[in-house]
Amino acid sequence: MDQLIYATEVLLNGLMTGVMYALVALGFVLIFKASGVFNYAQGVLALFAALTLVGIQQGQIPFAHMINAMFGTHLETFGWTVPSLVAILLTAMVMVVLAFLIEKLVLQHLVGQEPIILFMATIGLAYFLEGLGDVMWGADIKTLDVGLPQGISETIEGVTADWFGYGFFIDRLDLWATAIAAALVAALVAFAQYTKQGRAMRAVADDHQAALSVGISLRFIWVMVWSIAGFVALVAGIMWGTKSGVQFSLSLIALKALPVLMLGGFTSIPGAIVGGLIIGVGEKLFEFLIGPMIGGATENWFAYVLALIFLVFRPQGLFGERIIERV
Amino acid sequence: MASVPEEGVVTPDGRQIGGVLMEMKNITLRFGGVVAVKDISFDIRKGEIRAIIGPNGAGKSSMLNVISGFYNPQEGEVWFKGYRRGPMKPYEVARLGIARTFQNIALFDGMTVLDNIMTGRLNKMRSGFLAQALWWGAAEREEIENRAQVEKIIDFLEIQNIRKTPVGRLPYGLKKRVELARALAAEPQLLLLDEPMAGMNVEEKEDMSRFILDVNDEFGTTIALIEHDMGVVMDISDRVVVMDYGRKIGDGTPAEVRGNQEVIDAYLGVAHD
């Protein structure tokens, strides 16, 4: 019985981790669907967004280190702090400008190129953004606090203690992250299904020629999609940054999105969500049930092994489009 | 050139043919060293069905792609509604009121028939980005108005029973009809059809011919179409341009073109000197 109660707690925590994975995977799916680009830089976008958010919030002077090194000055901050909400809005605007620049300076010159070329371009972009983030805001580890509640949720602990005689440990940040991510996903789905721009986005995802012929500007849609992906990255950056600090390793959460995508399919928004949940729950439960028998630390590899098994039996993922080659 | 007075005429079956809607002046299009279209001029008048015909590789599709902005010619002028059109992107041309279909069908396979046709009305929707995203009153009203218009077209083309079907699952002939519906949804001033009957059986061809005539008759839409099958074209068009090897070899009413020696040679295959 105790075992079952513990497993339930683990399951809940797994679900909440899964939502965070889904959030990162969602950014990939959006760009992949609309432009066929596998955006390796999605994780770095999250890092860059989090760095920029902290920088703006704390009133850091961008490029301070570089300016100091060049002119022998000792600049650091403007000496003000910006309220969280304003800082988030400003960062969102920075992400839109970034999306515009990426389209203008990179994608536009690679129209019609092989997917592998575009993929390589996003690898380049990832390293460039990583460097730019460092130069603009410094390489030190930063704490991010936008006022999201943190620490154990006493309500849940109390209630579960009454019910089961054992209080569940659930982080309030995880609860908030889940709620925000769920709202974001719902908003994105509604946007894609019911708005003019959403319909245009789906059209571009499906057929470029046909989209052009009904008067859709591909460039506009690409900038829009990268902006949305940038915004999703910002949300992911806020969640993970609050949880574990804003540092380079934040960009590595993108690697966790890969098995999520293999499970869910690269072209499916529901797939990204379900895939994220399966991986989140799967790795936590596996660690809890099987981990002790084989020496633990299974969370590092479980997701990838699961993805590998999936690749063998269902290469298009749970919800992906099946590719049938006619001969 | 068939003589139509500037102010227009009424055809024997009572349709109104008006002044010049589009004029191509000395268009030349090259791909590297290959000349696809060579110094071609012709016009399209309001309300007529204008065909461009010719054997394989004559440059018909290239010509259509010039009109729809998918290619920009190296030489020549394109005039639309009395204004000279500079080099344009295809989506800009679409916004001017020129809709098209494709020879190999370009539909959004993952979307339903209804959604596909709704994309045709994207440029008729005026509500801004925010209003759309937040679904405010104006945006909702607009969506309903546009839906009504689309339903009219669905009725017209007799595809009510497949409205909610994903396009990818439809047979070829119906896909062609959905593509026509999407083009019509934009309420175009000029409708371009790239081989609307290609790959169809006789019955489907007859259906499509009827729809083309009905569209022209009912909505007064000007139609320019490319076709391979000479028989069908002669039956439904008001005037015909004949191309061969990138050049224009004939232009006039079906009867005039049929009697043109150069056209007969091109179709029957006389050695070119």
# chains A, B, ... in the order shown; residues from 1 in each chain; ligands from 1
>>> residues_around(residues="Arg239 in chain B", least_positions_apart="2", cutoff="8 Å", atoms="only C-alpha atoms", output="list in words")
Ala2, Glu48, Ile49, Arg50, Ala51, Ser237, Val241, Asp251, Gly252, Thr253 and Pro254 of chain B
>>> write_last_selection(atoms="N, CA and C atoms", output="short mmCIF file (atom, residue, chain, number, x, y, z; two decimals), in the first residue's frame")
data_model
loop_
_atom_site.label_atom_id
_atom_site.label_comp_id
_atom_site.auth_asym_id
_atom_site.auth_seq_id
_atom_site.Cartn_x
_atom_site.Cartn_y
_atom_site.Cartn_z
N ALA B 2 -8.44 38.47 -83.26
CA ALA B 2 -9.89 38.66 -83.36
C ALA B 2 -10.21 40.10 -83.00
N GLU B 48 -14.34 37.18 -70.34
CA GLU B 48 -14.19 36.14 -71.35
C GLU B 48 -13.48 34.90 -70.78
N ILE B 49 -13.60 33.81 -71.54
CA ILE B 49 -12.80 32.63 -71.25
C ILE B 49 -11.70 32.57 -72.30
N ARG B 50 -10.47 32.73 -71.84
CA ARG B 50 -9.33 32.84 -72.73
C ARG B 50 -8.49 31.60 -72.54
N ALA B 51 -8.18 30.91 -73.62
CA ALA B 51 -7.38 29.70 -73.49
C ALA B 51 -5.99 29.90 -74.06
N SER B 237 -13.97 28.03 -74.97
CA SER B 237 -13.32 29.35 -74.89
C SER B 237 -13.87 30.34 -75.90
N VAL B 241 -5.13 31.53 -77.54
CA VAL B 241 -3.75 31.80 -77.96
C VAL B 241 -3.10 30.45 -78.20
N ASP B 251 -3.76 33.35 -82.68
CA ASP B 251 -4.55 34.03 -81.66
C ASP B 251 -5.88 34.42 -82.29
N GLY B 252 -6.98 33.99 -81.69
CA GLY B 252 -8.28 34.37 -82.25
C GLY B 252 -9.38 33.49 -81.71
N THR B 253 -10.55 33.56 -82.34
CA THR B 253 -11.65 32.70 -81.92
C THR B 253 -11.29 31.26 -82.28
N PRO B 254 -11.95 30.30 -81.60
CA PRO B 254 -11.66 28.90 -81.91
C PRO B 254 -11.72 28.61 -83.40
#
>>> closest_atom_pairs(of="range 12-54 of chain A", to="range 170-175 of chain A", cutoff="9 Å", atoms="only C-alpha atoms", output="tab-separated table")
residue	atom	partner	partner_atom	distance
A:Leu12	CA	A:Ile170	CA	8.2
A:Asn13	CA	A:Ile170	CA	7.0
A:Met16	CA	A:Asp174	CA	6.0
A:Thr17	CA	A:Asp174	CA	7.6
A:Met20	CA	A:Asp174	CA	8.8
>>> interface_residues(of="chain B", to="chain A", cutoff="10 Å", atoms="only C-alpha atoms", output="VMD selection string")
chain B and resid 68 to 70 89 to 102 105 to 111 115 to 123 125 to 135 139 to 140 143 179 182 to 183 185 to 186
>>> closest_atom_pairs(of="range 239-319 of chain A", to="range 125-140 of chain A", cutoff="10 Å", atoms="only C-alpha atoms", output="tab-separated table")
residue	atom	partner	partner_atom	distance
A:Val246	CA	A:Asp140	CA	8.7
A:Gln247	CA	A:Asp140	CA	7.2
A:Phe248	CA	A:Glu130	CA	8.1
A:Ser251	CA	A:Glu130	CA	8.6
>>> select_by_dssp(residues="range 105-164 of chain B", states="alpha helix (DSSP H)", output="PyMOL selection string")
chain B and resi 113-119+129-134+137-156
>>> atom_distance(atom1="CA of Trp226 in chain A", atom2="CA of Val96 in chain A")
7.7 Å
>>> select_by_dssp(residues="range 14-218 of chain B", states="strand (DSSP E or B)", output="ChimeraX atom specification")
/B:16-17,20-31,34-45,49-53,75-80,83-85,98-100,112,166,190-194
>>> write_last_selection(atoms="C-alpha atoms", output="mmCIF file, in the first residue's frame")
data_model
loop_
_atom_site.group_PDB
_atom_site.id
_atom_site.type_symbol
_atom_site.label_atom_id
_atom_site.label_comp_id
_atom_site.auth_asym_id
_atom_site.auth_seq_id
_atom_site.Cartn_x
_atom_site.Cartn_y
_atom_site.Cartn_z
ATOM 1 C CA GLN B 16 -20.846 40.496 -71.544
ATOM 2 C CA ILE B 17 -17.269 40.752 -72.759
ATOM 3 C CA VAL B 20 -8.982 44.763 -71.535
ATOM 4 C CA LEU B 21 -8.369 43.356 -68.032
ATOM 5 C CA MET B 22 -4.855 42.093 -68.507
ATOM 6 C CA GLU B 23 -2.309 42.724 -71.192
ATOM 7 C CA MET B 24 0.986 40.981 -71.798
ATOM 8 C CA LYS B 25 3.399 43.013 -73.932
ATOM 9 C CA ASN B 26 6.425 41.357 -75.561
ATOM 10 C CA ILE B 27 7.057 38.920 -72.719
ATOM 11 C CA THR B 28 10.328 36.996 -72.857
ATOM 12 C CA LEU B 29 11.233 34.489 -70.144
ATOM 13 C CA ARG B 30 14.556 32.658 -70.001
ATOM 14 C CA PHE B 31 15.940 29.979 -67.728
ATOM 15 C CA VAL B 34 16.768 28.224 -72.460
ATOM 16 C CA VAL B 35 14.114 30.560 -73.791
ATOM 17 C CA ALA B 36 10.766 29.337 -72.442
ATOM 18 C CA VAL B 37 8.669 32.239 -73.687
ATOM 19 C CA LYS B 38 9.752 34.379 -76.607
ATOM 20 C CA ASP B 39 8.355 37.855 -77.247
ATOM 21 C CA ILE B 40 4.702 37.033 -76.630
ATOM 22 C CA SER B 41 1.897 39.591 -76.536
ATOM 23 C CA PHE B 42 -1.797 39.064 -75.962
ATOM 24 C CA ASP B 43 -4.632 40.446 -73.878
ATOM 25 C CA ILE B 44 -7.399 39.077 -71.692
ATOM 26 C CA ARG B 45 -10.752 40.860 -71.669
ATOM 27 C CA ILE B 49 -12.796 32.626 -71.251
ATOM 28 C CA ARG B 50 -9.329 32.842 -72.732
ATOM 29 C CA ALA B 51 -7.382 29.696 -73.486
ATOM 30 C CA ILE B 52 -3.685 29.169 -74.035
ATOM 31 C CA ILE B 53 -2.998 25.949 -75.896
ATOM 32 C CA GLU B 75 11.707 41.339 -70.850
ATOM 33 C CA GLY B 76 8.276 42.731 -71.517
ATOM 34 C CA GLU B 77 5.495 44.391 -69.593
ATOM 35 C CA VAL B 78 2.568 43.007 -67.662
ATOM 36 C CA TRP B 79 -0.454 45.296 -67.408
ATOM 37 C CA PHE B 80 -3.361 44.588 -65.085
ATOM 38 C CA TYR B 83 -1.601 49.670 -64.498
ATOM 39 C CA ARG B 84 1.816 48.300 -65.271
ATOM 40 C CA ARG B 85 2.800 45.633 -62.789
ATOM 41 C CA ILE B 98 -5.668 36.834 -59.436
ATOM 42 C CA ALA B 99 -6.352 33.288 -58.214
ATOM 43 C CA ARG B 100 -5.011 30.098 -59.713
ATOM 44 C CA THR B 112 -10.514 19.478 -44.458
ATOM 45 C CA PRO B 166 -9.463 15.725 -45.173
ATOM 46 C CA LEU B 190 -8.981 36.808 -63.006
ATOM 47 C CA LEU B 191 -9.033 33.051 -62.521
ATOM 48 C CA LEU B 192 -6.092 31.052 -63.897
ATOM 49 C CA LEU B 193 -6.569 27.345 -64.479
ATOM 50 C CA ASP B 194 -3.488 25.253 -65.209
#
>>> residues_around(residues="Ala46 in chain A", least_positions_apart="4", cutoff="6 Å", atoms="only C-alpha atoms", output="ChimeraX atom specification")
/A:233-234,237
>>> residues_around(residues="range 39-41 of chain A", least_positions_apart="3", cutoff="10 Å", atoms="only C-alpha atoms", output="ChimeraX atom specification")
/A:27-32,35-36,44-47,118-130,226,229,251,254-255,258
>>> atom_distance(atom1="CA of Thr242 in chain A", atom2="CA of Ser84 in chain A")
12.7 Å
>>> decode(residues="range 51-100 of chain B", atoms="N, CA and C atoms", output="mmCIF file, in the first residue's frame")
data_model
loop_
_atom_site.group_PDB
_atom_site.id
_atom_site.type_symbol
_atom_site.label_atom_id
_atom_site.label_comp_id
_atom_site.auth_asym_id
_atom_site.auth_seq_id
_atom_site.Cartn_x
_atom_site.Cartn_y
_atom_site.Cartn_z
ATOM 1 N N ALA B 51 -8.178 30.906 -73.624
ATOM 2 C CA ALA B 51 -7.382 29.696 -73.486
ATOM 3 C C ALA B 51 -5.988 29.902 -74.061
ATOM 4 N N ILE B 52 -5.023 29.232 -73.447
ATOM 5 C CA ILE B 52 -3.685 29.169 -74.035
ATOM 6 C C ILE B 52 -3.428 27.702 -74.324
ATOM 7 N N ILE B 53 -3.225 27.351 -75.571
ATOM 8 C CA ILE B 53 -2.998 25.949 -75.896
ATOM 9 C C ILE B 53 -1.682 25.793 -76.630
ATOM 10 N N GLY B 54 -1.276 24.546 -76.764
ATOM 11 C CA GLY B 54 -0.030 24.263 -77.468
ATOM 12 C C GLY B 54 0.452 22.878 -77.083
ATOM 13 N N PRO B 55 1.346 22.321 -77.898
ATOM 14 C CA PRO B 55 1.881 20.990 -77.595
ATOM 15 C C PRO B 55 2.743 21.025 -76.330
ATOM 16 N N ASN B 56 3.149 19.846 -75.870
ATOM 17 C CA ASN B 56 4.045 19.763 -74.712
ATOM 18 C C ASN B 56 5.272 20.634 -74.876
ATOM 19 N N GLY B 57 5.649 21.330 -73.818
ATOM 20 C CA GLY B 57 6.874 22.112 -73.855
ATOM 21 C C GLY B 57 6.755 23.384 -74.665
ATOM 22 N N ALA B 58 5.517 23.814 -74.951
ATOM 23 C CA ALA B 58 5.334 25.010 -75.760
ATOM 24 C C ALA B 58 5.554 26.286 -74.958
ATOM 25 N N GLY B 59 5.559 26.157 -73.620
ATOM 26 C CA GLY B 59 5.742 27.341 -72.775
ATOM 27 C C GLY B 59 4.447 27.854 -72.184
ATOM 28 N N LYS B 60 3.383 27.048 -72.254
ATOM 29 C CA LYS B 60 2.080 27.486 -71.726
ATOM 30 C C LYS B 60 2.140 27.715 -70.217
ATOM 31 N N SER B 61 2.680 26.709 -69.521
ATOM 32 C CA SER B 61 2.734 26.826 -68.060
ATOM 33 C C SER B 61 3.618 27.988 -67.627
ATOM 34 N N SER B 62 4.722 28.178 -68.358
ATOM 35 C CA SER B 62 5.597 29.308 -68.044
ATOM 36 C C SER B 62 4.832 30.615 -68.163
ATOM 37 N N MET B 63 4.018 30.700 -69.209
ATOM 38 C CA MET B 63 3.231 31.911 -69.441
ATOM 39 C C MET B 63 2.276 32.138 -68.262
ATOM 40 N N LEU B 64 1.612 31.064 -67.831
ATOM 41 C CA LEU B 64 0.669 31.179 -66.724
ATOM 42 C C LEU B 64 1.402 31.590 -65.445
ATOM 43 N N ASN B 65 2.604 31.039 -65.276
ATOM 44 C CA ASN B 65 3.382 31.389 -64.093
ATOM 45 C C ASN B 65 3.847 32.839 -64.118
ATOM 46 N N VAL B 66 4.016 33.388 -65.315
ATOM 47 C CA VAL B 66 4.337 34.817 -65.425
ATOM 48 C C VAL B 66 3.133 35.641 -64.961
ATOM 49 N N ILE B 67 1.936 35.242 -65.439
ATOM 50 C CA ILE B 67 0.734 35.994 -65.057
ATOM 51 C C ILE B 67 0.531 35.944 -63.545
ATOM 52 N N SER B 68 0.779 34.759 -62.932
ATOM 53 C CA SER B 68 0.486 34.620 -61.504
ATOM 54 C C SER B 68 1.668 35.013 -60.626
ATOM 55 N N GLY B 69 2.750 35.486 -61.233
ATOM 56 C CA GLY B 69 3.858 36.027 -60.441
ATOM 57 C C GLY B 69 4.838 34.983 -59.930
ATOM 58 N N PHE B 70 4.654 33.708 -60.292
ATOM 59 C CA PHE B 70 5.604 32.689 -59.846
ATOM 60 C C PHE B 70 6.928 32.849 -60.584
ATOM 61 N N TYR B 71 6.864 33.341 -61.841
ATOM 62 C CA TYR B 71 8.087 33.720 -62.564
ATOM 63 C C TYR B 71 7.985 35.195 -62.926
ATOM 64 N N ASN B 72 9.120 35.870 -62.919
ATOM 65 C CA ASN B 72 9.145 37.235 -63.435
ATOM 66 C C ASN B 72 9.931 37.254 -64.738
ATOM 67 N N PRO B 73 9.324 37.777 -65.800
ATOM 68 C CA PRO B 73 9.975 37.727 -67.115
ATOM 69 C C PRO B 73 11.168 38.683 -67.185
ATOM 70 N N GLN B 74 12.148 38.325 -68.020
ATOM 71 C CA GLN B 74 13.326 39.199 -68.175
ATOM 72 C C GLN B 74 12.977 40.427 -69.016
ATOM 73 N N GLU B 75 12.086 40.211 -69.998
ATOM 74 C CA GLU B 75 11.707 41.339 -70.850
ATOM 75 C C GLU B 75 10.195 41.403 -70.962
ATOM 76 N N GLY B 76 9.703 42.575 -71.281
ATOM 77 C CA GLY B 76 8.276 42.731 -71.517
ATOM 78 C C GLY B 76 7.553 43.365 -70.351
ATOM 79 N N GLU B 77 6.283 43.696 -70.606
ATOM 80 C CA GLU B 77 5.495 44.391 -69.593
ATOM 81 C C GLU B 77 4.214 43.622 -69.316
ATOM 82 N N VAL B 78 3.827 43.615 -68.054
ATOM 83 C CA VAL B 78 2.568 43.007 -67.662
ATOM 84 C C VAL B 78 1.645 44.113 -67.166
ATOM 85 N N TRP B 79 0.499 44.264 -67.818
ATOM 86 C CA TRP B 79 -0.454 45.296 -67.408
ATOM 87 C C TRP B 79 -1.705 44.641 -66.838
ATOM 88 N N PHE B 80 -2.150 45.127 -65.686
ATOM 89 C CA PHE B 80 -3.361 44.588 -65.085
ATOM 90 C C PHE B 80 -4.251 45.752 -64.660
ATOM 91 N N LYS B 81 -5.497 45.730 -65.113
ATOM 92 C CA LYS B 81 -6.462 46.784 -64.797
ATOM 93 C C LYS B 81 -5.911 48.179 -65.100
ATOM 94 N N GLY B 82 -5.207 48.300 -66.219
ATOM 95 C CA GLY B 82 -4.740 49.605 -66.655
ATOM 96 C C GLY B 82 -3.456 50.093 -66.008
ATOM 97 N N TYR B 83 -2.867 49.267 -65.113
ATOM 98 C CA TYR B 83 -1.601 49.670 -64.498
ATOM 99 C C TYR B 83 -0.513 48.675 -64.842
ATOM 100 N N ARG B 84 0.709 49.197 -65.023
ATOM 101 C CA ARG B 84 1.816 48.300 -65.271
ATOM 102 C C ARG B 84 2.260 47.683 -63.958
ATOM 103 N N ARG B 85 2.445 46.361 -63.992
ATOM 104 C CA ARG B 85 2.800 45.633 -62.789
ATOM 105 C C ARG B 85 4.303 45.386 -62.779
ATOM 106 N N GLY B 86 4.989 45.818 -61.744
ATOM 107 C CA GLY B 86 6.428 45.551 -61.640
ATOM 108 C C GLY B 86 6.651 44.113 -61.228
ATOM 109 N N PRO B 87 7.921 43.727 -61.000
ATOM 110 C CA PRO B 87 8.184 42.370 -60.521
ATOM 111 C C PRO B 87 7.472 42.169 -59.181
ATOM 112 N N MET B 88 6.774 41.066 -59.045
ATOM 113 C CA MET B 88 5.975 40.849 -57.846
ATOM 114 C C MET B 88 6.149 39.439 -57.338
ATOM 115 N N LYS B 89 5.892 39.255 -56.036
ATOM 116 C CA LYS B 89 5.852 37.918 -55.446
ATOM 117 C C LYS B 89 4.473 37.308 -55.717
ATOM 118 N N PRO B 90 4.408 35.980 -55.782
ATOM 119 C CA PRO B 90 3.112 35.330 -56.062
ATOM 120 C C PRO B 90 2.009 35.742 -55.081
ATOM 121 N N TYR B 91 2.365 35.911 -53.782
ATOM 122 C CA TYR B 91 1.295 36.242 -52.840
ATOM 123 C C TYR B 91 0.781 37.660 -53.053
ATOM 124 N N GLU B 92 1.655 38.542 -53.589
ATOM 125 C CA GLU B 92 1.211 39.906 -53.889
ATOM 126 C C GLU B 92 0.256 39.903 -55.073
ATOM 127 N N VAL B 93 0.577 39.062 -56.072
ATOM 128 C CA VAL B 93 -0.299 38.948 -57.234
ATOM 129 C C VAL B 93 -1.661 38.409 -56.797
ATOM 130 N N ALA B 94 -1.632 37.409 -55.907
ATOM 131 C CA ALA B 94 -2.890 36.841 -55.415
ATOM 132 C C ALA B 94 -3.735 37.931 -54.764
ATOM 133 N N ARG B 95 -3.071 38.836 -54.019
ATOM 134 C CA ARG B 95 -3.816 39.886 -53.331
ATOM 135 C C ARG B 95 -4.406 40.916 -54.289
ATOM 136 N N LEU B 96 -3.849 40.979 -55.512
ATOM 137 C CA LEU B 96 -4.413 41.887 -56.526
ATOM 138 C C LEU B 96 -5.742 41.366 -57.066
ATOM 139 N N GLY B 97 -6.039 40.095 -56.812
ATOM 140 C CA GLY B 97 -7.290 39.530 -57.312
ATOM 141 C C GLY B 97 -7.082 38.524 -58.435
ATOM 142 N N ILE B 98 -5.917 37.879 -58.441
ATOM 143 C CA ILE B 98 -5.668 36.834 -59.436
ATOM 144 C C ILE B 98 -5.497 35.511 -58.689
ATOM 145 N N ALA B 99 -6.431 34.580 -58.887
ATOM 146 C CA ALA B 99 -6.352 33.288 -58.214
ATOM 147 C C ALA B 99 -5.981 32.230 -59.237
ATOM 148 N N ARG B 100 -5.430 31.119 -58.755
ATOM 149 C CA ARG B 100 -5.011 30.098 -59.713
ATOM 150 C C ARG B 100 -5.168 28.693 -59.157
#
